[in-house]
>>> print(open('entry02.cif').read())   # mmCIF, C-alpha atoms
data_input
loop_
_atom_site.group_PDB
_atom_site.id
_atom_site.type_symbol
_atom_site.label_atom_id
_atom_site.label_comp_id
_atom_site.auth_asym_id
_atom_site.auth_seq_id
_atom_site.Cartn_x
_atom_site.Cartn_y
_atom_site.Cartn_z
ATOM 1 C CA MET A 230 1.118 -36.587 35.321
ATOM 2 C CA SER A 231 -1.824 -34.792 36.909
ATOM 3 C CA ILE A 232 -4.432 -32.958 34.865
ATOM 4 C CA TRP A 233 -3.262 -29.655 36.388
ATOM 5 C CA VAL A 234 0.336 -30.160 35.316
ATOM 6 C CA LEU A 235 -0.825 -31.090 31.834
ATOM 7 C CA LEU A 236 -3.025 -28.007 31.712
ATOM 8 C CA ILE A 237 -0.127 -25.772 32.742
ATOM 9 C CA ILE A 238 2.084 -27.292 30.055
ATOM 10 C CA VAL A 239 -0.591 -26.766 27.388
ATOM 11 C CA LEU A 240 -1.173 -23.147 28.439
ATOM 12 C CA ALA A 241 2.558 -22.435 28.518
ATOM 13 C CA ALA A 242 2.961 -23.895 25.035
ATOM 14 C CA LEU A 243 -0.003 -21.860 23.783
ATOM 15 C CA ALA A 244 1.435 -18.680 25.270
ATOM 16 C CA PHE A 245 4.808 -19.350 23.614
ATOM 17 C CA LEU A 246 3.234 -20.003 20.230
ATOM 18 C CA THR A 247 0.902 -16.993 20.213
ATOM 19 C CA HIS A 248 2.718 -14.170 21.947
ATOM 20 C CA PRO A 249 3.630 -11.174 19.781
ATOM 21 C CA SER A 250 6.784 -9.095 19.756
ATOM 22 C CA LEU A 251 7.613 -7.733 23.179
ATOM 23 C CA ASN A 252 9.029 -4.520 21.696
ATOM 24 C CA ARG A 253 6.241 -1.969 22.209
ATOM 25 C CA LYS A 254 8.262 1.117 21.237
ATOM 26 C CA LYS A 255 7.664 0.731 17.497
ATOM 27 C CA VAL A 256 3.896 0.652 17.959
ATOM 28 C CA LEU A 257 3.312 3.422 20.499
ATOM 29 C CA ARG A 258 3.266 6.036 17.741
ATOM 30 C CA TRP A 259 0.403 4.209 16.016
ATOM 31 C CA GLN A 260 -2.056 3.933 18.895
ATOM 32 C CA GLY A 261 -5.390 5.450 17.843
ATOM 33 C CA GLN A 262 -4.247 6.023 14.243
ATOM 34 C CA GLN A 263 -7.103 6.225 11.725
ATOM 35 C CA PHE A 264 -6.790 4.445 8.380
ATOM 36 C CA ALA A 265 -9.317 4.758 5.554
ATOM 37 C CA HIS A 266 -9.969 1.206 4.368
ATOM 38 C CA ARG A 267 -8.746 0.900 0.759
ATOM 39 C CA GLY A 268 -8.588 4.682 0.675
ATOM 40 C CA LEU A 269 -11.430 7.103 1.333
ATOM 41 C CA HIS A 270 -13.714 5.633 -1.314
ATOM 42 C CA ASP A 271 -17.289 6.775 -1.802
ATOM 43 C CA PRO A 272 -19.618 5.137 -4.371
ATOM 44 C CA GLU A 273 -21.958 8.135 -4.303
ATOM 45 C CA LYS A 274 -19.120 10.358 -5.454
ATOM 46 C CA GLY A 275 -17.814 7.784 -7.914
ATOM 47 C CA ILE A 276 -14.632 7.169 -5.896
ATOM 48 C CA VAL A 277 -13.732 3.476 -6.181
ATOM 49 C CA GLU A 278 -11.721 1.569 -3.559
ATOM 50 C CA ASN A 279 -7.949 1.177 -3.970
ATOM 51 C CA THR A 280 -7.728 3.817 -6.708
ATOM 52 C CA LEU A 281 -5.652 6.971 -6.923
ATOM 53 C CA GLN A 282 -8.827 9.007 -6.381
ATOM 54 C CA ALA A 283 -9.529 7.179 -3.098
ATOM 55 C CA PHE A 284 -5.981 7.688 -1.853
ATOM 56 C CA GLU A 285 -6.002 11.354 -2.828
ATOM 57 C CA ALA A 286 -9.280 11.803 -0.948
ATOM 58 C CA ALA A 287 -7.741 10.228 2.162
ATOM 59 C CA CYS A 288 -4.745 12.538 1.918
ATOM 60 C CA LYS A 289 -6.909 15.636 1.589
ATOM 61 C CA ALA A 290 -8.990 14.540 4.583
ATOM 62 C CA GLY A 291 -5.872 13.927 6.655
ATOM 63 C CA TYR A 292 -6.329 10.182 7.213
ATOM 64 C CA GLY A 293 -3.910 7.342 6.835
ATOM 65 C CA MET A 294 -4.917 4.693 4.333
ATOM 66 C CA GLU A 295 -4.969 0.918 4.148
ATOM 67 C CA LEU A 296 -4.187 -0.664 0.782
ATOM 68 C CA ASP A 297 -3.540 -4.092 -0.749
ATOM 69 C CA LEU A 298 -0.571 -5.269 -2.817
ATOM 70 C CA GLN A 299 -0.142 -8.172 -5.205
ATOM 71 C CA PHE A 300 1.645 -9.016 -8.455
ATOM 72 C CA SER A 301 0.344 -8.848 -11.992
ATOM 73 C CA LYS A 302 1.303 -11.627 -14.412
ATOM 74 C CA ASP A 303 4.388 -9.681 -15.473
ATOM 75 C CA MET A 304 5.465 -9.204 -11.827
ATOM 76 C CA GLN A 305 4.421 -5.576 -11.472
ATOM 77 C CA VAL A 306 3.201 -4.547 -8.015
ATOM 78 C CA VAL A 307 -0.414 -3.446 -8.274
ATOM 79 C CA VAL A 308 -2.897 -2.192 -5.679
ATOM 80 C CA PHE A 309 -5.991 -4.376 -5.666
ATOM 81 C CA HIS A 310 -7.767 -6.337 -2.949
ATOM 82 C CA ASP A 311 -9.555 -9.345 -4.461
ATOM 83 C CA ASP A 312 -7.767 -12.397 -5.837
ATOM 84 C CA ASP A 313 -9.880 -12.169 -8.982
ATOM 85 C CA LEU A 314 -11.330 -9.320 -11.033
ATOM 86 C CA LEU A 315 -14.961 -10.411 -10.954
ATOM 87 C CA ARG A 316 -16.442 -8.069 -8.336
ATOM 88 C CA LEU A 317 -15.011 -4.807 -9.630
ATOM 89 C CA ALA A 318 -14.248 -5.507 -13.291
ATOM 90 C CA GLY A 319 -16.618 -8.327 -14.242
ATOM 91 C CA ASP A 320 -13.694 -10.549 -15.220
ATOM 92 C CA PRO A 321 -13.290 -13.949 -13.490
ATOM 93 C CA ARG A 322 -9.526 -14.193 -14.004
ATOM 94 C CA LYS A 323 -7.031 -13.999 -11.159
ATOM 95 C CA VAL A 324 -5.064 -10.754 -10.918
ATOM 96 C CA TRP A 325 -1.743 -12.623 -11.143
ATOM 97 C CA ASP A 326 -2.854 -14.186 -14.436
ATOM 98 C CA VAL A 327 -3.276 -10.807 -16.178
ATOM 99 C CA SER A 328 -0.567 -8.422 -17.377
ATOM 100 C CA LEU A 329 -0.311 -4.888 -16.036
ATOM 101 C CA GLU A 330 -1.250 -3.379 -19.395
ATOM 102 C CA GLU A 331 -4.429 -5.427 -19.572
ATOM 103 C CA LEU A 332 -5.267 -4.837 -15.903
ATOM 104 C CA GLN A 333 -5.084 -1.096 -16.401
ATOM 105 C CA SER A 334 -7.324 -1.315 -19.461
ATOM 106 C CA LEU A 335 -10.207 -2.560 -17.295
ATOM 107 C CA PRO A 336 -12.565 0.081 -15.856
ATOM 108 C CA LEU A 337 -13.450 -0.567 -12.210
ATOM 109 C CA ALA A 338 -17.068 -0.492 -11.018
ATOM 110 C CA GLY A 339 -18.098 0.638 -14.510
ATOM 111 C CA ARG A 340 -16.179 3.919 -14.304
ATOM 112 C CA ASP A 341 -13.742 4.868 -17.059
ATOM 113 C CA ASP A 342 -11.772 7.080 -14.669
ATOM 114 C CA ALA A 343 -11.175 4.254 -12.149
ATOM 115 C CA ARG A 344 -8.276 1.928 -12.970
ATOM 116 C CA ILE A 345 -5.996 -0.419 -11.046
ATOM 117 C CA PRO A 346 -2.941 1.616 -10.007
ATOM 118 C CA THR A 347 0.609 0.419 -9.563
ATOM 119 C CA PHE A 348 2.155 0.755 -6.136
ATOM 120 C CA ARG A 349 4.663 3.248 -7.562
ATOM 121 C CA ASP A 350 1.802 5.461 -8.748
ATOM 122 C CA VAL A 351 0.231 5.349 -5.293
ATOM 123 C CA LEU A 352 3.516 6.310 -3.637
ATOM 124 C CA LYS A 353 3.855 9.255 -6.038
ATOM 125 C CA THR A 354 0.288 10.348 -5.293
ATOM 126 C CA VAL A 355 0.573 10.115 -1.508
ATOM 127 C CA ASN A 356 4.189 11.325 -1.364
ATOM 128 C CA GLY A 357 4.439 10.988 2.399
ATOM 129 C CA ARG A 358 1.440 13.180 3.226
ATOM 130 C CA THR A 359 -0.262 10.569 5.413
ATOM 131 C CA PRO A 360 0.705 7.076 6.702
ATOM 132 C CA LEU A 361 0.237 3.856 4.745
ATOM 133 C CA LEU A 362 -0.959 0.534 6.158
ATOM 134 C CA ILE A 363 0.210 -1.914 3.502
ATOM 135 C CA GLU A 364 -1.295 -5.397 3.281
ATOM 136 C CA LEU A 365 0.613 -7.960 1.250
ATOM 137 C CA LYS A 366 -1.803 -10.442 -0.291
ATOM 138 C CA ASN A 367 -0.931 -14.118 -0.281
ATOM 139 C CA GLY A 368 -0.014 -15.368 -3.741
ATOM 140 C CA PRO A 369 2.335 -17.515 -5.804
ATOM 141 C CA HIS A 370 5.399 -15.238 -5.326
ATOM 142 C CA ASN A 371 5.351 -14.062 -1.715
ATOM 143 C CA ARG A 372 9.098 -13.674 -1.199
ATOM 144 C CA GLN A 373 9.450 -11.668 -4.390
ATOM 145 C CA LEU A 374 6.549 -9.437 -3.359
ATOM 146 C CA CYS A 375 8.243 -8.673 -0.029
ATOM 147 C CA GLU A 376 11.473 -7.847 -1.823
ATOM 148 C CA ALA A 377 9.659 -5.674 -4.366
ATOM 149 C CA LEU A 378 7.939 -3.762 -1.567
ATOM 150 C CA MET A 379 11.253 -2.924 0.073
ATOM 151 C CA GLU A 380 12.666 -1.803 -3.269
ATOM 152 C CA HIS A 381 9.666 0.454 -3.917
ATOM 153 C CA LEU A 382 9.877 2.015 -0.449
ATOM 154 C CA GLU A 383 13.575 2.827 -0.645
ATOM 155 C CA GLY A 384 13.824 6.573 -0.142
ATOM 156 C CA TYR A 385 10.073 7.021 0.319
ATOM 157 C CA PRO A 386 9.518 10.118 2.523
ATOM 158 C CA GLY A 387 6.438 8.954 4.434
ATOM 159 C CA GLU A 388 5.521 6.589 7.268
ATOM 160 C CA TYR A 389 4.188 3.078 6.733
ATOM 161 C CA LEU A 390 3.394 -0.255 8.351
ATOM 162 C CA VAL A 391 3.147 -3.710 6.769
ATOM 163 C CA GLU A 392 0.746 -6.570 7.475
ATOM 164 C CA SER A 393 -0.446 -9.863 6.025
ATOM 165 C CA PHE A 394 -2.714 -12.833 6.741
ATOM 166 C CA ASN A 395 0.178 -15.145 5.853
ATOM 167 C CA PRO A 396 2.478 -15.516 8.899
ATOM 168 C CA LEU A 397 5.336 -16.498 6.610
ATOM 169 C CA ILE A 398 5.148 -13.086 4.938
ATOM 170 C CA VAL A 399 5.207 -11.379 8.337
ATOM 171 C CA PHE A 400 8.130 -13.646 9.288
ATOM 172 C CA TRP A 401 10.008 -12.436 6.196
ATOM 173 C CA PHE A 402 9.862 -8.877 7.530
ATOM 174 C CA ARG A 403 10.895 -10.007 11.001
ATOM 175 C CA ARG A 404 13.985 -11.600 9.491
ATOM 176 C CA HIS A 405 14.904 -9.185 6.687
ATOM 177 C CA ALA A 406 13.443 -5.821 7.785
ATOM 178 C CA PRO A 407 13.104 -5.912 11.594
ATOM 179 C CA HIS A 408 13.013 -2.110 11.761
ATOM 180 C CA LEU A 409 9.579 -2.052 10.090
ATOM 181 C CA THR A 410 6.419 -2.197 12.180
ATOM 182 C CA ARG A 411 4.762 -5.457 11.118
ATOM 183 C CA GLY A 412 1.270 -6.767 11.803
ATOM 184 C CA GLN A 413 -0.472 -10.115 11.678
ATOM 185 C CA LEU A 414 -3.967 -10.091 10.185
ATOM 186 C CA VAL A 415 -6.383 -12.589 11.686
ATOM 187 C CA ASP A 416 -10.001 -13.653 11.254
ATOM 188 C CA SER A 417 -12.312 -16.255 12.809
ATOM 189 C CA MET A 418 -12.024 -19.915 11.779
ATOM 190 C CA PRO A 419 -15.033 -20.018 9.386
ATOM 191 C CA SER A 420 -13.489 -17.310 7.208
ATOM 192 C CA TYR A 421 -10.558 -19.591 6.320
ATOM 193 C CA ARG A 422 -12.781 -22.430 5.127
ATOM 194 C CA PRO A 423 -13.034 -23.898 2.500
ATOM 195 C CA ALA A 424 -9.759 -22.338 1.278
ATOM 196 C CA VAL A 425 -7.793 -24.382 3.844
ATOM 197 C CA ASN A 426 -8.506 -27.481 5.928
ATOM 198 C CA GLY A 427 -9.658 -27.424 9.541
ATOM 199 C CA VAL A 428 -6.186 -27.788 11.028
ATOM 200 C CA ALA A 429 -4.818 -24.893 8.986
ATOM 201 C CA ALA A 430 -7.874 -22.780 9.817
ATOM 202 C CA PHE A 431 -7.336 -23.437 13.541
ATOM 203 C CA PHE A 432 -3.641 -22.596 13.193
ATOM 204 C CA MET A 433 -4.321 -19.277 11.458
ATOM 205 C CA ALA A 434 -7.343 -18.182 13.507
ATOM 206 C CA GLY A 435 -5.483 -19.027 16.718
ATOM 207 C CA LEU A 436 -2.392 -17.001 15.725
ATOM 208 C CA LEU A 437 -0.166 -20.024 16.283
ATOM 209 C CA GLY A 438 2.124 -18.631 13.590
ATOM 210 C CA ASN A 439 3.121 -15.831 15.940
ATOM 211 C CA CYS A 440 5.964 -18.097 17.064
ATOM 212 C CA LEU A 441 7.503 -17.377 13.664
ATOM 213 C CA SER A 442 6.429 -13.823 12.898
ATOM 214 C CA ARG A 443 6.301 -12.253 16.391
ATOM 215 C CA PRO A 444 4.188 -9.376 15.055
ATOM 216 C CA ASP A 445 4.329 -5.886 16.525
ATOM 217 C CA PHE A 446 0.530 -5.649 16.320
ATOM 218 C CA VAL A 447 -2.462 -7.834 15.499
ATOM 219 C CA ALA A 448 -5.149 -6.638 13.064
ATOM 220 C CA TYR A 449 -8.419 -8.440 13.767
ATOM 221 C CA ASN A 450 -11.862 -8.640 12.162
ATOM 222 C CA ALA A 451 -13.913 -6.447 14.483
ATOM 223 C CA ASN A 452 -17.179 -7.803 13.033
ATOM 224 C CA ALA A 453 -16.557 -11.531 13.502
ATOM 225 C CA PRO A 454 -18.907 -13.177 16.040
ATOM 226 C CA ARG A 455 -17.635 -15.534 18.781
ATOM 227 C CA PHE A 456 -14.029 -14.625 18.063
ATOM 228 C CA LEU A 457 -11.888 -15.141 21.189
ATOM 229 C CA CYS A 458 -8.436 -14.641 19.700
ATOM 230 C CA PRO A 459 -8.396 -10.800 19.886
ATOM 231 C CA HIS A 460 -9.512 -10.899 23.527
ATOM 232 C CA PHE A 461 -6.761 -13.404 24.316
ATOM 233 C CA GLN A 462 -4.158 -11.150 22.716
ATOM 234 C CA ARG A 463 -5.526 -7.979 24.271
ATOM 235 C CA PHE A 464 -5.843 -9.140 27.854
ATOM 236 C CA LEU A 465 -3.059 -11.722 28.201
ATOM 237 C CA PHE A 466 -0.298 -10.012 26.218
ATOM 238 C CA ARG A 467 -1.576 -6.412 25.987
ATOM 239 C CA THR A 468 -0.912 -6.708 22.270
ATOM 240 C CA PRO A 469 -1.266 -3.491 20.251
ATOM 241 C CA MET A 470 -4.343 -4.002 18.073
ATOM 242 C CA ALA A 471 -5.873 -2.751 14.831
ATOM 243 C CA ALA A 472 -9.607 -3.226 14.150
ATOM 244 C CA TRP A 473 -10.985 -3.870 10.643
ATOM 245 C CA THR A 474 -13.302 -2.978 9.059
ATOM 246 C CA VAL A 475 -15.105 -0.490 11.311
ATOM 247 C CA ARG A 476 -18.449 0.565 9.819
ATOM 248 C CA ASP A 477 -20.558 1.027 12.964
ATOM 249 C CA PRO A 478 -20.408 4.197 15.116
ATOM 250 C CA ALA A 479 -20.662 2.220 18.378
ATOM 251 C CA LEU A 480 -17.798 -0.028 17.302
ATOM 252 C CA ALA A 481 -15.775 3.000 16.264
ATOM 253 C CA ALA A 482 -16.257 4.485 19.730
ATOM 254 C CA LEU A 483 -15.100 1.228 21.364
ATOM 255 C CA VAL A 484 -12.016 1.056 19.166
ATOM 256 C CA GLN A 485 -11.189 4.662 20.043
ATOM 257 C CA LYS A 486 -11.671 3.945 23.757
ATOM 258 C CA ARG A 487 -9.200 1.073 23.513
ATOM 259 C CA SER A 488 -6.697 3.293 21.645
ATOM 260 C CA GLU A 489 -6.579 0.741 18.836
ATOM 261 C CA MET A 490 -5.822 1.518 15.234
ATOM 262 C CA ASN A 491 -9.108 2.162 13.442
ATOM 263 C CA ILE A 492 -9.402 0.851 9.879
ATOM 264 C CA PHE A 493 -12.723 2.445 8.974
ATOM 265 C CA GLU A 494 -15.102 2.606 6.038
ATOM 266 C CA GLY A 495 -18.393 4.371 5.325
ATOM 267 C CA LYS A 496 -19.803 7.810 6.045
ATOM 268 C CA GLY A 497 -21.403 6.763 9.319
ATOM 269 C CA VAL A 498 -18.086 6.142 11.042
ATOM 270 C CA ILE A 499 -15.715 8.674 9.512
ATOM 271 C CA PRO A 500 -13.900 9.997 12.590
ATOM 272 C CA PRO A 501 -13.167 13.670 13.242
ATOM 273 C CA LYS A 502 -10.369 14.956 11.078
ATOM 274 C CA PRO A 503 -6.979 14.680 12.761
ATOM 275 C CA SER A 504 -5.522 17.871 14.205
ATOM 276 C CA PRO A 505 -2.990 19.522 11.905
#
>>> encode(input="entry02.cif", output="C-alpha cells")
Amino acid sequence: MSIWVLLIIVLAALAFLTHPSLNRKKVLRWQGQQFAHRGLHDPEKGIVENTLQAFEAACKAGYGMELDLQFSKDMQVVVFHDDDLLRLAGDPRKVWDVSLEELQSLPLAGRDDARIPTFRDVLKTVNGRTPLLIELKNGPHNRQLCEALMEHLEGYPGEYLVESFNPLIVFWFRRHAPHLTRGQLVDSMPSYRPAVNGVAAFFMAGLLGNCLSRPDFVAYNANAPRFLCPHFQRFLFRTPMAAWTVRDPALAALVQKRSEMNIFEGKGVIPPKPSP
C-alpha cells in the first residue's frame, strides 16, 4: 500500500469520526446570537455569575444567556459552573456532595444576596424572555441529568440549546431528543490534562466523539493558542460555531464577522443591544 493511499484512508477515517450533523436548518436561527456567559454578571455592581440577578440582568438587556447545570447530593438540578465550591463559596467540597438546602445556605463571592439557584428558579425568572444556552456538566449521574433537564423544560415557553464537553451527553440528546439543537464543547489538549490521560485528551480535543454525538454546532475556546480543531471544523465541514469566552473587542468583531454565536463576558465586549 502506497503512502498516498494510506494517507487518503487516514483522512477519510478522520473526516468520518469528526464531522458534525449535516442538518443545518436547526442552527440557522442561531447564527450571530449573543449569549451572556453565566448571565450578565458584574462584580462592580455585585452581580455574581450564574445567579438569578445575573440572569435577570441579561433578560433586561435583551441578551441570551449561557448557564451550567449539575446535580446536588439530593439530585436537585442546580445552576453552578465549578465542580467544587472553593472559588465562589470558600468550601472545598464538590457540588454533588452537598445537599440543595446546604448549597443555598452558602453566600457566593461574599454576598448574602447571591445564592446558588435551582434550574426551576432560573426558568421561572427568565420565563422565555431570551434564549438559554444550557451546558450540562460532566458528573456521576449524566443520564439522570439529561432526563431531569427534559422534565424541567417540558412546557417551557422559551427557546434553548444544549451543550456539553462530554460527547456521551451530547449523544444522549441525539438519541432521545433529536429535535433539540445540540452542541459539542471543545478545548485544546492541555486543558484536559491532568484530568484525563493523553489518549483521552487527544480524543476530546480532536472531536473524535463526533461520530457518536453528531453535534449541530461546535462551541470552542476562542482564547486557546495553537488550537487547530475549530479551523478544521470551520473550513472542512462549514460547521456552525460558538465562541467562548469572548472578552476582547477584536475577538468579538471577528466572531461577529464569522456569524458565530458569541458567548461574551466583560464590559469591554458587551455587544450592541439586540433590536426589539
>>> resolve_selection(input="entry02.cif", expression="the PyMOL selection byres ((chain A and resi 467) around 10)", output="MDAnalysis selection string")
chainID A and resid 248:249 251 253 446 460:466 468:470
>>> closest_residue(input="entry02.cif", among="A:Met418, A:Val355, A:Leu281, A:Leu361", to="A:Val307", atoms="only C-alpha atoms")
A:Leu281
>>> residues_near_point(input="entry02.cif", point="(0.4, -7.8, 8.9)", cutoff="12 Å", atoms="only C-alpha atoms", output="number ranges by chain")
A: 249, 295-297, 362-367, 375, 389-403, 409-415, 436, 438-439, 442-449, 470-471
>>> resolve_selection(input="entry02.cif", expression="the PyMOL selection byres ((chain A and resi 279) around 9)", output="list in words")
His266, Arg267, Gly268, Leu269, His270, Val277, Glu278, Thr280, Leu281, Gln282, Ala283, Phe284, Glu295, Leu296, Asp297, Val308, Phe309, His310, Ile345 and Pro346 of chain A
>>> closest_residue(input="entry02.cif", among="A:Lys289, A:Leu236, A:Ser301, A:Asp342", to="A:Gly275", atoms="all atoms listed in the file")
A:Asp342
>>> closest_residue(input="entry02.cif", among="A:Gly427, A:Gly319, A:Pro360, A:Pro407", to="A:Gly293", atoms="only C-alpha atoms")
A:Pro360
>>> atom_distance(input="entry02.cif", atom1="atom CA of A:Met379", atom2="atom CA of A:Ala287")
23.2 Å
>>> resolve_selection(input="entry02.cif", expression="the PyMOL selection byres ((chain A and resi 303) around 7)", output="list of chain:residue names")
A:Ser301, A:Lys302, A:Met304, A:Gln305, A:Ser328, A:Leu329
>>> closest_residue(input="entry02.cif", among="A:Val234, A:Glu331, A:Arg476, A:Arg349", to="A:Glu383", atoms="only C-alpha atoms")
A:Arg349
>>> closest_residue(input="entry02.cif", among="A:Ala481, A:Met294, A:Leu337, A:Cys440", to="A:Arg316", atoms="only C-alpha atoms")
A:Leu337
>>> atom_distance(input="entry02.cif", atom1="atom CA of A:Pro386", atom2="atom CA of A:Gly291")
16.4 Å
>>> atom_distance(input="entry02.cif", atom1="atom CA of A:Lys323", atom2="atom CA of A:Ala338")
16.8 Å
>>> residues_near_point(input="entry02.cif", point="(-16.2, 5.6, 1.4)", cutoff="7 Å", atoms="only C-alpha atoms", output="JSON, numbers by chain")
{"A": [269, 270, 271, 272, 494, 495, 496]}
>>> write_last_selection(input="entry02.cif", atoms="C-alpha atoms", output="short mmCIF file (atom, residue, chain, number, x, y, z; two decimals), in the frame of the given file")
data_model
loop_
_atom_site.label_atom_id
_atom_site.label_comp_id
_atom_site.auth_asym_id
_atom_site.auth_seq_id
_atom_site.Cartn_x
_atom_site.Cartn_y
_atom_site.Cartn_z
CA LEU A 269 -11.43 7.10 1.33
CA HIS A 270 -13.71 5.63 -1.31
CA ASP A 271 -17.29 6.78 -1.80
CA PRO A 272 -19.62 5.14 -4.37
CA GLU A 494 -15.10 2.61 6.04
CA GLY A 495 -18.39 4.37 5.32
CA LYS A 496 -19.80 7.81 6.04
#
>>> closest_residue(input="entry02.cif", among="A:Arg340, A:Arg258, A:Arg372, A:His381", to="A:Lys353", atoms="all atoms listed in the file")
A:His381
>>> decode(input="entry02.cif", residues="stretch 345-376 of chain A", atoms="C-alpha atoms", output="compact mmCIF listing (two decimals), in the first residue's frame")
# COMPACT_ATOMS: atom_id res chain seq x y z
CA ILE A 345 -26.93 29.03 44.05
CA PRO A 346 -30.27 28.83 42.23
CA THR A 347 -32.12 25.74 41.11
CA PHE A 348 -32.76 25.33 37.41
CA ARG A 349 -36.51 25.63 38.07
CA ASP A 350 -35.96 29.03 39.69
CA VAL A 351 -33.95 30.18 36.68
CA LEU A 352 -36.68 29.05 34.28
CA LYS A 353 -39.27 30.96 36.32
CA THR A 354 -37.08 34.07 36.30
CA VAL A 355 -36.33 34.01 32.57
CA ASN A 356 -39.79 32.75 31.55
CA GLY A 357 -38.95 32.63 27.86
CA ARG A 358 -37.85 36.26 27.56
CA THR A 359 -34.48 35.43 25.99
CA PRO A 360 -32.78 32.20 24.78
CA LEU A 361 -30.87 29.81 27.02
CA LEU A 362 -27.61 28.05 26.14
CA ILE A 363 -27.56 25.20 28.65
CA GLU A 364 -24.32 23.38 29.45
CA LEU A 365 -24.63 20.03 31.19
CA LYS A 366 -21.60 19.45 33.40
CA ASN A 367 -19.99 16.03 33.46
CA GLY A 368 -20.67 14.21 36.72
CA PRO A 369 -21.57 10.92 38.37
CA HIS A 370 -25.19 10.86 37.07
CA ASN A 371 -25.09 12.10 33.48
CA ARG A 372 -28.06 10.14 32.13
CA GLN A 373 -30.25 11.24 35.01
CA LEU A 374 -29.21 14.85 34.48
CA CYS A 375 -30.24 14.68 30.82
CA GLU A 376 -33.58 13.19 31.80
